[in-house]
Structures are given as structure tokens and as C-alpha cells.
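Peer 1: The structure is given below, and queries will be raised subsequently.
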2 protein chains.
Amino acid sequence: MSELSSRSGVPVATVKYYLREGLLPEGERVAATRADYGEEHLRRLALIRALIGVGGLSVAAARAVLREIDHPPGSLHELVGSAYMRLPSSVAGEGAGDGAGRAAALLDALGWDVAAEECGDEAAGLARALGALDAAGFALAEDDLLGYARAMGGIARGEVARTPAGSLPEAVRYVVLGTVLVEPVLLALRRLAHVEYSSRLLAGSAADDPR
Amino acid sequence: MSELSSRSGVPVATVKYYLREGLLPEGERVAATRADYGEEHLRRLALIRALIGVGGLSVAAARAVLREIDHPPGSLHELVGSAYMRLPSSVAGEGAGDGAGRAAALLDALGWDVAAEECGDEAAGLARALGALDAAGFALAEDDLLGYARAMGGIARGEVARTPAGSLPEAVRYVVLGTVLVEPVLLALRRLAHVEYSSRLLAGSAADDPR
């Protein structure tokens, strides 16, 4: 275990914690006080760190994600729904908040037929997110919201088309990690693009005078 | 204060906490033991709840965001950079992790010239996010990463173009709330689109047989 710790850079106490919490499987016991940890454990440890670190998952959520990866659902079609039932919603909080009507109207306008049992808490998450914008006094025009949905739909369509359809274990890794770990990539790219485009578009504009 | 609490649905203890933490300004004192809270306070309270709830901000981060809104920077051009220096990064953790080289190559390929002093921790955040994907064994092809950047760039370009350029206080609200509160909308839309497109594209595909 101390070798696993030194090779991975994860402290022994943390490795023991992941073992206790069932995130990391036990090594192969070779003596009463010694277990062997191999490359598989090293890869698993890196995955756990990515989920809990950049992925921002709690230990319980990481356990659910790993369980999904370890026990893929019966079919590719079930995969996304099954994953989203286990993953925490991308939107903090619970319930649909005040945005339920607007969210339902949007999904209707898009022709997206997403039943609650297929998408976990995400439809409620969208409703919460729209309700929060409204509560904060941020007026998001209907056309702009549709534009967001079409842009994210385009991203998602490409991702679904790229799902490795030949192997369920690979497909589940792709869907689960592609959800949890690609989200931060997308958000960072949007913010960086804001910086880039505001320096291109806003520098020297009317309001750019010191007040 | 009890009226503010009952009208907003926020418990008195929580209102007092926000006052103590400097998120909510004091009401106008009308007697030694009584202060008046008006519509402005009600709106402010809704904004705080949105930032801390769906926005997922800590009290300290919410305070920084509110300070940005209360004290806009000197020019529209400074706005995005100034906001991002105060906001927590969209990617959990610190430092650039192992993805710094890949992030720099991507920004270079895109021609995005984003200096660290303009984008807070976001370039490091992108590097962290890419490093975590790599550590988790998720192979994100270069073309797919470029596709993500172009899609998010398209979203951001439209947002920057819609910035209300005539008024700095309005512009700062737009940028800050548009960052913190639109992010959950985008993520929820991507997940819902996954559900929609996997039912359109994956149902009945080769791997869709029970194993």
C-alpha cells in the first residue's frame, strides 16, 4: 500500500479511506498483513481523484458513479437514464423551484421528450436554474434560451453519436466520465471565450470610458 | 425584519446571518429596535438565495459577486476580467494540474489571447479539467476538444454581443449573473439533450441487446 501511495501521490490515509468507503477494491491478499496492489488499482485511484477533485463529486456520488461503471446497465439505450438517476443533478438544490412552467414550455418547443424516469433530476434541475435566473432579476429572452438549448443540443448530439456502441463497459465509462468530467471543460471554455470576445468586441465601445 | 422574512420565505435567522456577513445591507433604522426593509431588500434577498442556491456559491464567493455588482469596474472592457478575478473558478481545485500543455496548445490553436490577469483562474481551470480527463483515462480527441471550444465560443460571442453596453451597473449584473446562473442552465440542457438524442440515436443499435 505504501508503494501504491508513493506511485500515485495519494497519502496512505486517503487510500485507506477510499478502501473503507468502497471506492477502491481491496488488493490481493498475499500475507496476513500485506496485500498486493497493481496497475488496476493505480488507474482506479486516478479515476477516483479525478471524480472527487475536478469532478467535484462527494464520496457518495463518486461511489454511485463507480458502481455505474463497474455494473453497466443491460442496454445502451438504458445507459444515459441509468447514469443520470445515479449522478447528482448538475444544478444544486432540490425540487423544480419556480421555473417548472418555463422549463416544460422549452422542452415542448424543442420537441425533447424526456420523462423524469429517464433523466433523473435534470428536468427539475433545469426548472430550478431558470427559476433562479428569474428570482435574481436576470431577464433571459426566450430566443436566447432556445439558442442555448440548440447549442447544447448540438454538443450532446455529437457526443451521443460518438458513444462507443460496441462495448457496454466502454460506453458507460464514456457517458459517465463524459458527463462529470467534460462539464468543467465546457464551463472553463465559455469563460475563456468571454474574456477573448469581450476584448475583441467591447474594447473602445461607448461605455468604455472611465466614469 | 419579520415581514421581510415572511414575504421572502427566508427564515429570520438566515436574514440575520446575511446581514452579519455583509451580503444584505442594513435596513433604514426608524427606531432603536426597528429598521425598515423595502422592495430593494426583497430583491437583494432573492439574488442572494439564487447565488448561494442554484449558483452553488459559498457565502464568501457570493459576497465577492455582490461586491462586483455593487461596485462596477471602471470600464466595460475591464468588466469580464474583473468579474473572473473575483468569482471562484468554474473548475474545482487549484493549480494547472497536468493539462497545462494541452490547454495552452488549444488556446493557441483557437487564437484566444487570454492573459492570466484577465481571466482569473480560468486558464488554469481548463488545464485542471483536461488533466483530470486524462488521469481518468478518458481519451478526448483533439478535434472533439476543438469542437467544444468552437461551440462554447459561439455561445460566449453571442452573450458578449448582447451585453447591455449603455450602463455599467447593468452590464456587470449581466456578466456576473450570466456567468454564475446561466452555467447550471447550460449543463442541465446538455444532460437533457443526451437523454433525448440517446433515445433517438441509440435505441435498437447493435449493443442494445440484453447481455
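Identifiers for the C-alpha cells are assigned positionally: chains receive A, B, ... in sequence, residues are indexed from 1 per chain, and ligands are indexed from 1 in the order shown.
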Could you list, as a compact mmCIF listing (two decimals) with N, CA, C and O atoms, in the first residue's frame, every residue within 8 Å of region 182-190 of chain B, counting only C-alpha atoms and ignoring same-chain residues fewer than 6 positions away?

Peer 2:
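Below you can see around.txt, which holds the result:
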# COMPACT_ATOMS: atom_id res chain seq x y z
N SER A 89 -27.64 15.87 -9.63
CA SER A 89 -28.06 16.80 -10.67
C SER A 89 -26.96 17.82 -10.92
O SER A 89 -26.19 18.16 -10.03
N SER A 90 -26.90 18.32 -12.14
CA SER A 90 -25.90 19.36 -12.45
C SER A 90 -26.30 20.69 -11.81
O SER A 90 -25.50 21.62 -11.79
N VAL A 91 -27.53 20.80 -11.30
CA VAL A 91 -27.99 22.04 -10.68
C VAL A 91 -28.22 21.81 -9.19
O VAL A 91 -28.99 20.92 -8.81
N GLU A 122 -32.81 15.95 -13.84
CA GLU A 122 -32.34 17.04 -14.69
C GLU A 122 -33.43 18.00 -15.17
O GLU A 122 -33.18 19.19 -15.31
N ALA A 123 -34.63 17.47 -15.44
CA ALA A 123 -35.69 18.38 -15.87
C ALA A 123 -36.04 19.33 -14.72
O ALA A 123 -36.21 20.54 -14.93
N GLY A 125 -33.92 20.12 -12.46
CA GLY A 125 -32.71 20.96 -12.37
C GLY A 125 -32.80 22.15 -13.31
O GLY A 125 -32.50 23.28 -12.93
N LEU A 126 -33.24 21.89 -14.53
CA LEU A 126 -33.42 22.98 -15.49
C LEU A 126 -34.44 23.99 -14.95
O LEU A 126 -34.24 25.20 -15.02
N ALA A 129 -32.89 26.05 -12.25
CA ALA A 129 -31.92 27.01 -12.79
C ALA A 129 -32.65 28.20 -13.42
O ALA A 129 -32.24 29.35 -13.24
N LEU A 130 -33.73 27.93 -14.15
CA LEU A 130 -34.49 29.02 -14.77
C LEU A 130 -35.19 29.86 -13.70
O LEU A 130 -35.26 31.09 -13.81
N LEU A 133 -32.64 32.26 -12.14
CA LEU A 133 -32.37 33.42 -13.00
C LEU A 133 -33.46 34.46 -12.83
O LEU A 133 -33.20 35.66 -12.69
N TYR A 148 -29.46 28.70 -26.49
CA TYR A 148 -28.66 27.87 -25.58
C TYR A 148 -29.00 26.40 -25.78
O TYR A 148 -28.13 25.53 -25.82
N ALA A 149 -30.30 26.12 -25.84
CA ALA A 149 -30.72 24.72 -25.95
C ALA A 149 -30.23 24.11 -27.26
O ALA A 149 -29.76 22.96 -27.29
N MET A 152 -26.36 23.53 -26.93
CA MET A 152 -26.03 22.38 -26.08
C MET A 152 -26.55 21.10 -26.73
O MET A 152 -25.94 20.03 -26.60
N GLY A 153 -27.68 21.19 -27.41
CA GLY A 153 -28.19 20.04 -28.14
C GLY A 153 -27.22 19.58 -29.22
O GLY A 153 -27.01 18.38 -29.41
N ILE A 155 -23.97 19.97 -29.19
CA ILE A 155 -22.85 19.32 -28.50
C ILE A 155 -23.26 17.89 -28.10
O ILE A 155 -22.54 16.93 -28.37
N ALA A 156 -24.42 17.77 -27.50
CA ALA A 156 -24.85 16.47 -26.98
C ALA A 156 -25.09 15.46 -28.11
O ALA A 156 -24.78 14.28 -27.99
N GLU A 183 -18.06 18.47 -18.21
CA GLU A 183 -18.76 19.69 -17.80
C GLU A 183 -17.80 20.82 -17.41
O GLU A 183 -17.94 21.95 -17.88
N LEU A 187 -17.44 24.63 -19.18
CA LEU A 187 -17.61 25.90 -18.44
C LEU A 187 -16.35 26.76 -18.52
O LEU A 187 -16.44 27.98 -18.70
N VAL B 54 -28.89 27.77 -6.41
CA VAL B 54 -28.57 27.22 -7.73
C VAL B 54 -27.16 27.57 -8.17
O VAL B 54 -26.47 26.77 -8.80
N GLY B 55 -26.72 28.80 -7.84
CA GLY B 55 -25.38 29.21 -8.23
C GLY B 55 -24.29 28.40 -7.54
O GLY B 55 -23.17 28.33 -8.02

Peer 1: What are the coordinates of chain A as a PDB file with C-alpha atoms, in the first residue's frame following a least-squares fit to chain B on all in-order C-alpha atoms?

Peer 2:
ATOM      1  CA  MET A   1     -37.472  42.127   9.614  1.00  0.00           C
ATOM      2  CA  SER A   2     -40.141  39.541  10.349  1.00  0.00           C
ATOM      3  CA  GLU A   3     -42.137  40.998   7.447  1.00  0.00           C
ATOM      4  CA  LEU A   4     -39.084  40.730   5.168  1.00  0.00           C
ATOM      5  CA  SER A   5     -38.753  37.130   6.310  1.00  0.00           C
ATOM      6  CA  SER A   6     -42.378  36.248   5.700  1.00  0.00           C
ATOM      7  CA  ARG A   7     -42.550  38.004   2.312  1.00  0.00           C
ATOM      8  CA  SER A   8     -39.326  36.372   1.092  1.00  0.00           C
ATOM      9  CA  GLY A   9     -39.846  32.991   2.738  1.00  0.00           C
ATOM     10  CA  VAL A  10     -36.312  33.226   4.159  1.00  0.00           C
ATOM     11  CA  PRO A  11     -36.122  32.443   7.916  1.00  0.00           C
ATOM     12  CA  VAL A  12     -35.312  35.402  10.218  1.00  0.00           C
ATOM     13  CA  ALA A  13     -32.138  33.662  11.429  1.00  0.00           C
ATOM     14  CA  THR A  14     -30.910  33.394   7.831  1.00  0.00           C
ATOM     15  CA  VAL A  15     -31.730  37.039   7.124  1.00  0.00           C
ATOM     16  CA  LYS A  16     -29.739  38.005  10.235  1.00  0.00           C
ATOM     17  CA  TYR A  17     -26.846  35.844   9.065  1.00  0.00           C
ATOM     18  CA  TYR A  18     -26.793  37.575   5.662  1.00  0.00           C
ATOM     19  CA  LEU A  19     -26.833  40.960   7.452  1.00  0.00           C
ATOM     20  CA  ARG A  20     -23.917  39.935   9.686  1.00  0.00           C
ATOM     21  CA  GLU A  21     -21.965  38.582   6.713  1.00  0.00           C
ATOM     22  CA  GLY A  22     -22.465  41.828   4.814  1.00  0.00           C
ATOM     23  CA  LEU A  23     -24.446  40.304   1.947  1.00  0.00           C
ATOM     24  CA  LEU A  24     -27.609  42.227   2.768  1.00  0.00           C
ATOM     25  CA  PRO A  25     -27.403  45.923   3.698  1.00  0.00           C
ATOM     26  CA  GLU A  26     -28.961  47.101   6.971  1.00  0.00           C
ATOM     27  CA  GLY A  27     -32.493  48.469   6.752  1.00  0.00           C
ATOM     28  CA  GLU A  28     -33.218  52.122   7.434  1.00  0.00           C
ATOM     29  CA  ARG A  29     -33.254  52.495  11.220  1.00  0.00           C
ATOM     30  CA  VAL A  30     -36.604  54.033  12.300  1.00  0.00           C
ATOM     31  CA  ALA A  31     -36.312  53.336  16.043  1.00  0.00           C
ATOM     32  CA  ALA A  32     -33.717  51.864  18.406  1.00  0.00           C
ATOM     33  CA  THR A  33     -35.016  48.341  17.870  1.00  0.00           C
ATOM     34  CA  ARG A  34     -36.670  48.628  14.480  1.00  0.00           C
ATOM     35  CA  ALA A  35     -35.373  49.015  10.923  1.00  0.00           C
ATOM     36  CA  ASP A  36     -37.334  49.347   7.716  1.00  0.00           C
ATOM     37  CA  TYR A  37     -36.734  46.893   4.887  1.00  0.00           C
ATOM     38  CA  GLY A  38     -38.150  47.754   1.497  1.00  0.00           C
ATOM     39  CA  GLU A  39     -38.546  46.276  -1.981  1.00  0.00           C
ATOM     40  CA  GLU A  40     -34.822  46.740  -2.578  1.00  0.00           C
ATOM     41  CA  HIS A  41     -34.045  44.383   0.303  1.00  0.00           C
ATOM     42  CA  LEU A  42     -36.528  41.848  -0.992  1.00  0.00           C
ATOM     43  CA  ARG A  43     -34.875  41.860  -4.429  1.00  0.00           C
ATOM     44  CA  ARG A  44     -31.441  41.623  -2.853  1.00  0.00           C
ATOM     45  CA  LEU A  45     -32.514  38.671  -0.742  1.00  0.00           C
ATOM     46  CA  ALA A  46     -33.815  36.855  -3.827  1.00  0.00           C
ATOM     47  CA  LEU A  47     -30.496  37.492  -5.561  1.00  0.00           C
ATOM     48  CA  ILE A  48     -28.516  36.147  -2.576  1.00  0.00           C
ATOM     49  CA  ARG A  49     -30.660  33.011  -2.492  1.00  0.00           C
ATOM     50  CA  ALA A  50     -30.145  32.426  -6.210  1.00  0.00           C
ATOM     51  CA  LEU A  51     -26.352  32.810  -5.927  1.00  0.00           C
ATOM     52  CA  ILE A  52     -26.009  30.538  -2.898  1.00  0.00           C
ATOM     53  CA  GLY A  53     -28.676  28.060  -4.017  1.00  0.00           C
ATOM     54  CA  VAL A  54     -28.592  27.231  -7.724  1.00  0.00           C
ATOM     55  CA  GLY A  55     -25.396  29.243  -8.229  1.00  0.00           C
ATOM     56  CA  GLY A  56     -23.700  26.972  -5.685  1.00  0.00           C
ATOM     57  CA  LEU A  57     -21.551  29.788  -4.310  1.00  0.00           C
ATOM     58  CA  SER A  58     -20.128  29.881  -0.804  1.00  0.00           C
ATOM     59  CA  VAL A  59     -21.059  32.888   1.333  1.00  0.00           C
ATOM     60  CA  ALA A  60     -17.593  34.353   0.683  1.00  0.00           C
ATOM     61  CA  ALA A  61     -17.936  33.895  -3.085  1.00  0.00           C
ATOM     62  CA  ALA A  62     -21.454  35.364  -3.035  1.00  0.00           C
ATOM     63  CA  ARG A  63     -20.075  38.376  -1.148  1.00  0.00           C
ATOM     64  CA  ALA A  64     -17.415  38.861  -3.840  1.00  0.00           C
ATOM     65  CA  VAL A  65     -20.039  38.618  -6.585  1.00  0.00           C
ATOM     66  CA  LEU A  66     -22.309  41.122  -4.843  1.00  0.00           C
ATOM     67  CA  ARG A  67     -19.389  43.482  -4.304  1.00  0.00           C
ATOM     68  CA  GLU A  68     -18.677  43.320  -8.023  1.00  0.00           C
ATOM     69  CA  ILE A  69     -22.312  44.203  -8.718  1.00  0.00           C
ATOM     70  CA  ASP A  70     -22.324  46.997  -6.129  1.00  0.00           C
ATOM     71  CA  HIS A  71     -19.026  48.477  -7.315  1.00  0.00           C
ATOM     72  CA  PRO A  72     -18.725  48.037 -11.074  1.00  0.00           C
ATOM     73  CA  PRO A  73     -15.210  48.369 -12.526  1.00  0.00           C
ATOM     74  CA  GLY A  74     -14.185  51.493 -14.409  1.00  0.00           C
ATOM     75  CA  SER A  75     -14.862  50.292 -17.925  1.00  0.00           C
ATOM     76  CA  LEU A  76     -16.769  47.689 -19.885  1.00  0.00           C
ATOM     77  CA  HIS A  77     -13.518  46.291 -21.198  1.00  0.00           C
ATOM     78  CA  GLU A  78     -12.287  45.566 -17.662  1.00  0.00           C
ATOM     79  CA  LEU A  79     -15.566  44.031 -16.657  1.00  0.00           C
ATOM     80  CA  VAL A  80     -15.166  40.377 -17.567  1.00  0.00           C
ATOM     81  CA  GLY A  81     -11.613  40.113 -16.241  1.00  0.00           C
ATOM     82  CA  SER A  82     -12.562  41.903 -13.050  1.00  0.00           C
ATOM     83  CA  ALA A  83     -15.532  39.611 -12.514  1.00  0.00           C
ATOM     84  CA  TYR A  84     -13.481  36.474 -13.149  1.00  0.00           C
ATOM     85  CA  MET A  85     -10.761  37.563 -10.751  1.00  0.00           C
ATOM     86  CA  ARG A  86     -13.402  37.562  -8.018  1.00  0.00           C
ATOM     87  CA  LEU A  87     -15.500  34.570  -8.961  1.00  0.00           C
ATOM     88  CA  PRO A  88     -14.388  31.114  -7.916  1.00  0.00           C
ATOM     89  CA  SER A  89     -13.110  29.149 -10.923  1.00  0.00           C
ATOM     90  CA  SER A  90     -15.690  27.035 -12.716  1.00  0.00           C
ATOM     91  CA  VAL A  91     -13.330  24.062 -12.168  1.00  0.00           C
ATOM     92  CA  ALA A  92     -12.801  22.768  -8.620  1.00  0.00           C
ATOM     93  CA  GLY A  93      -9.269  22.567  -7.216  1.00  0.00           C
ATOM     94  CA  GLU A  94      -6.164  24.673  -7.608  1.00  0.00           C
ATOM     95  CA  GLY A  95      -3.199  24.941  -9.929  1.00  0.00           C
ATOM     96  CA  ALA A  96      -2.990  23.824 -13.534  1.00  0.00           C
ATOM     97  CA  GLY A  97      -2.653  20.088 -12.906  1.00  0.00           C
ATOM     98  CA  ASP A  98      -1.257  18.015 -15.738  1.00  0.00           C
ATOM     99  CA  GLY A  99      -3.235  19.593 -18.550  1.00  0.00           C
ATOM    100  CA  ALA A 100      -1.310  22.857 -18.867  1.00  0.00           C
ATOM    101  CA  GLY A 101       0.428  21.953 -22.117  1.00  0.00           C
ATOM    102  CA  ARG A 102      -2.751  20.769 -23.775  1.00  0.00           C
ATOM    103  CA  ALA A 103      -4.709  23.821 -22.606  1.00  0.00           C
ATOM    104  CA  ALA A 104      -2.043  26.197 -23.922  1.00  0.00           C
ATOM    105  CA  ALA A 105      -1.949  24.384 -27.284  1.00  0.00           C
ATOM    106  CA  LEU A 106      -5.739  24.621 -27.563  1.00  0.00           C
ATOM    107  CA  LEU A 107      -5.848  28.346 -26.787  1.00  0.00           C
ATOM    108  CA  ASP A 108      -3.080  28.837 -29.317  1.00  0.00           C
ATOM    109  CA  ALA A 109      -4.944  26.859 -31.991  1.00  0.00           C
ATOM    110  CA  LEU A 110      -8.044  28.953 -31.343  1.00  0.00           C
ATOM    111  CA  GLY A 111      -6.127  32.216 -31.394  1.00  0.00           C
ATOM    112  CA  TRP A 112      -7.557  33.122 -27.988  1.00  0.00           C
ATOM    113  CA  ASP A 113      -5.176  35.492 -26.322  1.00  0.00           C
ATOM    114  CA  VAL A 114      -6.245  35.261 -22.682  1.00  0.00           C
ATOM    115  CA  ALA A 115      -3.708  36.485 -20.171  1.00  0.00           C
ATOM    116  CA  ALA A 116      -3.940  35.217 -16.591  1.00  0.00           C
ATOM    117  CA  GLU A 117      -4.609  38.716 -15.266  1.00  0.00           C
ATOM    118  CA  GLU A 118      -7.736  38.902 -17.447  1.00  0.00           C
ATOM    119  CA  CYS A 119      -9.302  35.554 -16.770  1.00  0.00           C
ATOM    120  CA  GLY A 120      -8.607  34.838 -13.112  1.00  0.00           C
ATOM    121  CA  ASP A 121      -8.033  31.174 -12.649  1.00  0.00           C
ATOM    122  CA  GLU A 122      -9.878  29.995 -15.757  1.00  0.00           C
ATOM    123  CA  ALA A 123      -6.927  29.069 -17.960  1.00  0.00           C
ATOM    124  CA  ALA A 124      -5.560  27.015 -15.058  1.00  0.00           C
ATOM    125  CA  GLY A 125      -9.092  25.652 -14.582  1.00  0.00           C
ATOM    126  CA  LEU A 126      -9.179  24.452 -18.174  1.00  0.00           C
ATOM    127  CA  ALA A 127      -5.783  22.828 -17.671  1.00  0.00           C
ATOM    128  CA  ARG A 128      -7.010  21.093 -14.491  1.00  0.00           C
ATOM    129  CA  ALA A 129     -10.143  19.858 -16.251  1.00  0.00           C
ATOM    130  CA  LEU A 130      -8.151  18.446 -19.188  1.00  0.00           C
ATOM    131  CA  GLY A 131      -5.634  16.869 -16.815  1.00  0.00           C
ATOM    132  CA  ALA A 132      -8.464  15.168 -14.897  1.00  0.00           C
ATOM    133  CA  LEU A 133      -9.936  13.697 -18.092  1.00  0.00           C
ATOM    134  CA  ASP A 134      -6.541  12.331 -18.951  1.00  0.00           C
ATOM    135  CA  ALA A 135      -5.957  10.941 -15.435  1.00  0.00           C
ATOM    136  CA  ALA A 136      -9.350   9.235 -15.556  1.00  0.00           C
ATOM    137  CA  GLY A 137      -8.405   7.522 -18.800  1.00  0.00           C
ATOM    138  CA  PHE A 138     -10.968   9.406 -20.884  1.00  0.00           C
ATOM    139  CA  ALA A 139      -9.496   9.934 -24.339  1.00  0.00           C
ATOM    140  CA  LEU A 140     -10.847  13.223 -25.674  1.00  0.00           C
ATOM    141  CA  ALA A 141      -9.788  13.567 -29.321  1.00  0.00           C
ATOM    142  CA  GLU A 142      -8.179  16.836 -30.357  1.00  0.00           C
ATOM    143  CA  ASP A 143     -10.926  17.506 -32.912  1.00  0.00           C
ATOM    144  CA  ASP A 144     -13.658  16.949 -30.340  1.00  0.00           C
ATOM    145  CA  LEU A 145     -11.957  19.351 -27.944  1.00  0.00           C
ATOM    146  CA  LEU A 146     -11.746  21.948 -30.707  1.00  0.00           C
ATOM    147  CA  GLY A 147     -15.416  21.315 -31.428  1.00  0.00           C
ATOM    148  CA  TYR A 148     -16.269  21.995 -27.777  1.00  0.00           C
ATOM    149  CA  ALA A 149     -14.259  25.195 -27.841  1.00  0.00           C
ATOM    150  CA  ARG A 150     -15.967  26.415 -31.021  1.00  0.00           C
ATOM    151  CA  ALA A 151     -19.423  25.622 -29.650  1.00  0.00           C
ATOM    152  CA  MET A 152     -18.782  27.368 -26.328  1.00  0.00           C
ATOM    153  CA  GLY A 153     -17.087  30.202 -28.207  1.00  0.00           C
ATOM    154  CA  GLY A 154     -20.226  30.658 -30.290  1.00  0.00           C
ATOM    155  CA  ILE A 155     -22.341  30.834 -27.144  1.00  0.00           C
ATOM    156  CA  ALA A 156     -19.964  33.297 -25.491  1.00  0.00           C
ATOM    157  CA  ARG A 157     -19.683  35.492 -28.563  1.00  0.00           C
ATOM    158  CA  GLY A 158     -23.457  35.938 -28.644  1.00  0.00           C
ATOM    159  CA  GLU A 159     -23.516  36.695 -24.927  1.00  0.00           C
ATOM    160  CA  VAL A 160     -20.772  39.305 -25.191  1.00  0.00           C
ATOM    161  CA  ALA A 161     -22.565  40.907 -28.146  1.00  0.00           C
ATOM    162  CA  ARG A 162     -25.732  41.137 -26.030  1.00  0.00           C
ATOM    163  CA  THR A 163     -23.978  42.831 -23.077  1.00  0.00           C
ATOM    164  CA  PRO A 164     -25.977  45.976 -22.254  1.00  0.00           C
ATOM    165  CA  ALA A 165     -23.232  48.410 -23.217  1.00  0.00           C
ATOM    166  CA  GLY A 166     -25.048  51.608 -22.225  1.00  0.00           C
ATOM    167  CA  SER A 167     -24.904  51.113 -18.461  1.00  0.00           C
ATOM    168  CA  LEU A 168     -22.037  49.684 -16.443  1.00  0.00           C
ATOM    169  CA  PRO A 169     -24.219  48.612 -13.486  1.00  0.00           C
ATOM    170  CA  GLU A 170     -26.496  46.718 -15.875  1.00  0.00           C
ATOM    171  CA  ALA A 171     -23.535  45.281 -17.751  1.00  0.00           C
ATOM    172  CA  VAL A 172     -21.926  43.982 -14.562  1.00  0.00           C
ATOM    173  CA  ARG A 173     -25.162  42.317 -13.434  1.00  0.00           C
ATOM    174  CA  TYR A 174     -25.430  40.749 -16.874  1.00  0.00           C
ATOM    175  CA  VAL A 175     -21.878  39.404 -16.870  1.00  0.00           C
ATOM    176  CA  VAL A 176     -21.764  38.197 -13.275  1.00  0.00           C
ATOM    177  CA  LEU A 177     -25.225  36.632 -13.110  1.00  0.00           C
ATOM    178  CA  GLY A 178     -24.913  35.414 -16.689  1.00  0.00           C
ATOM    179  CA  THR A 179     -21.802  33.536 -15.632  1.00  0.00           C
ATOM    180  CA  VAL A 180     -22.908  32.097 -12.305  1.00  0.00           C
ATOM    181  CA  LEU A 181     -26.572  31.441 -13.028  1.00  0.00           C
ATOM    182  CA  VAL A 182     -26.507  30.534 -16.725  1.00  0.00           C
ATOM    183  CA  GLU A 183     -23.876  27.798 -16.205  1.00  0.00           C
ATOM    184  CA  PRO A 184     -26.372  25.457 -14.481  1.00  0.00           C
ATOM    185  CA  VAL A 185     -28.878  26.113 -17.299  1.00  0.00           C
ATOM    186  CA  LEU A 186     -26.320  25.051 -19.908  1.00  0.00           C
ATOM    187  CA  LEU A 187     -25.323  21.895 -18.034  1.00  0.00           C
ATOM    188  CA  ALA A 188     -28.929  20.840 -17.458  1.00  0.00           C
ATOM    189  CA  LEU A 189     -29.693  21.403 -21.162  1.00  0.00           C
ATOM    190  CA  ARG A 190     -26.732  19.259 -22.224  1.00  0.00           C
ATOM    191  CA  ARG A 191     -27.825  16.386 -19.992  1.00  0.00           C
ATOM    192  CA  LEU A 192     -31.421  16.596 -21.166  1.00  0.00           C
ATOM    193  CA  ALA A 193     -30.189  16.628 -24.768  1.00  0.00           C
ATOM    194  CA  HIS A 194     -28.181  13.477 -24.005  1.00  0.00           C
ATOM    195  CA  VAL A 195     -31.363  11.753 -22.897  1.00  0.00           C
ATOM    196  CA  GLU A 196     -33.259  12.952 -25.960  1.00  0.00           C
ATOM    197  CA  TYR A 197     -30.582  12.052 -28.492  1.00  0.00           C
ATOM    198  CA  SER A 198     -29.727   8.717 -26.966  1.00  0.00           C
ATOM    199  CA  SER A 199     -33.330   7.686 -27.226  1.00  0.00           C
ATOM    200  CA  ARG A 200     -33.332   8.886 -30.878  1.00  0.00           C
ATOM    201  CA  LEU A 201     -29.918   7.535 -31.898  1.00  0.00           C
ATOM    202  CA  LEU A 202     -29.093   4.579 -29.670  1.00  0.00           C
ATOM    203  CA  ALA A 203     -32.363   2.696 -29.262  1.00  0.00           C
ATOM    204  CA  GLY A 204     -32.145  -0.524 -31.205  1.00  0.00           C
ATOM    205  CA  SER A 205     -28.449  -0.200 -32.016  1.00  0.00           C
ATOM    206  CA  ALA A 206     -26.151  -3.219 -32.073  1.00  0.00           C
ATOM    207  CA  ALA A 207     -25.151  -3.142 -28.407  1.00  0.00           C
ATOM    208  CA  ASP A 208     -28.752  -2.679 -27.334  1.00  0.00           C
ATOM    209  CA  ASP A 209     -29.271  -6.347 -26.658  1.00  0.00           C
ATOM    210  CA  PRO A 210     -29.485  -7.562 -23.080  1.00  0.00           C
ATOM    211  CA  ARG A 211     -26.186  -9.173 -22.212  1.00  0.00           C
TER     212      ARG A 211
END

Peer 1: Let's see if you can do this: from backbone DSSP, list all alpha helix (DSSP H) residues in region 19-196 of chain B, as a ChimeraX atom specification.

Peer 2: /B:19-20,39-52,59-70,76-86,100-110,116-119,122-135,142-161,168-180,182-196

Peer 1: Considering only strand (DSSP E or B) as DSSP defines it on the backbone, what residues of region 1-207 of chain A qualify? List them as a list in words.

Peer 2: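 Those residues are Glu28, Arg29, Val30, Ala31, Arg34, Ala35 and Asp36 of chain A.
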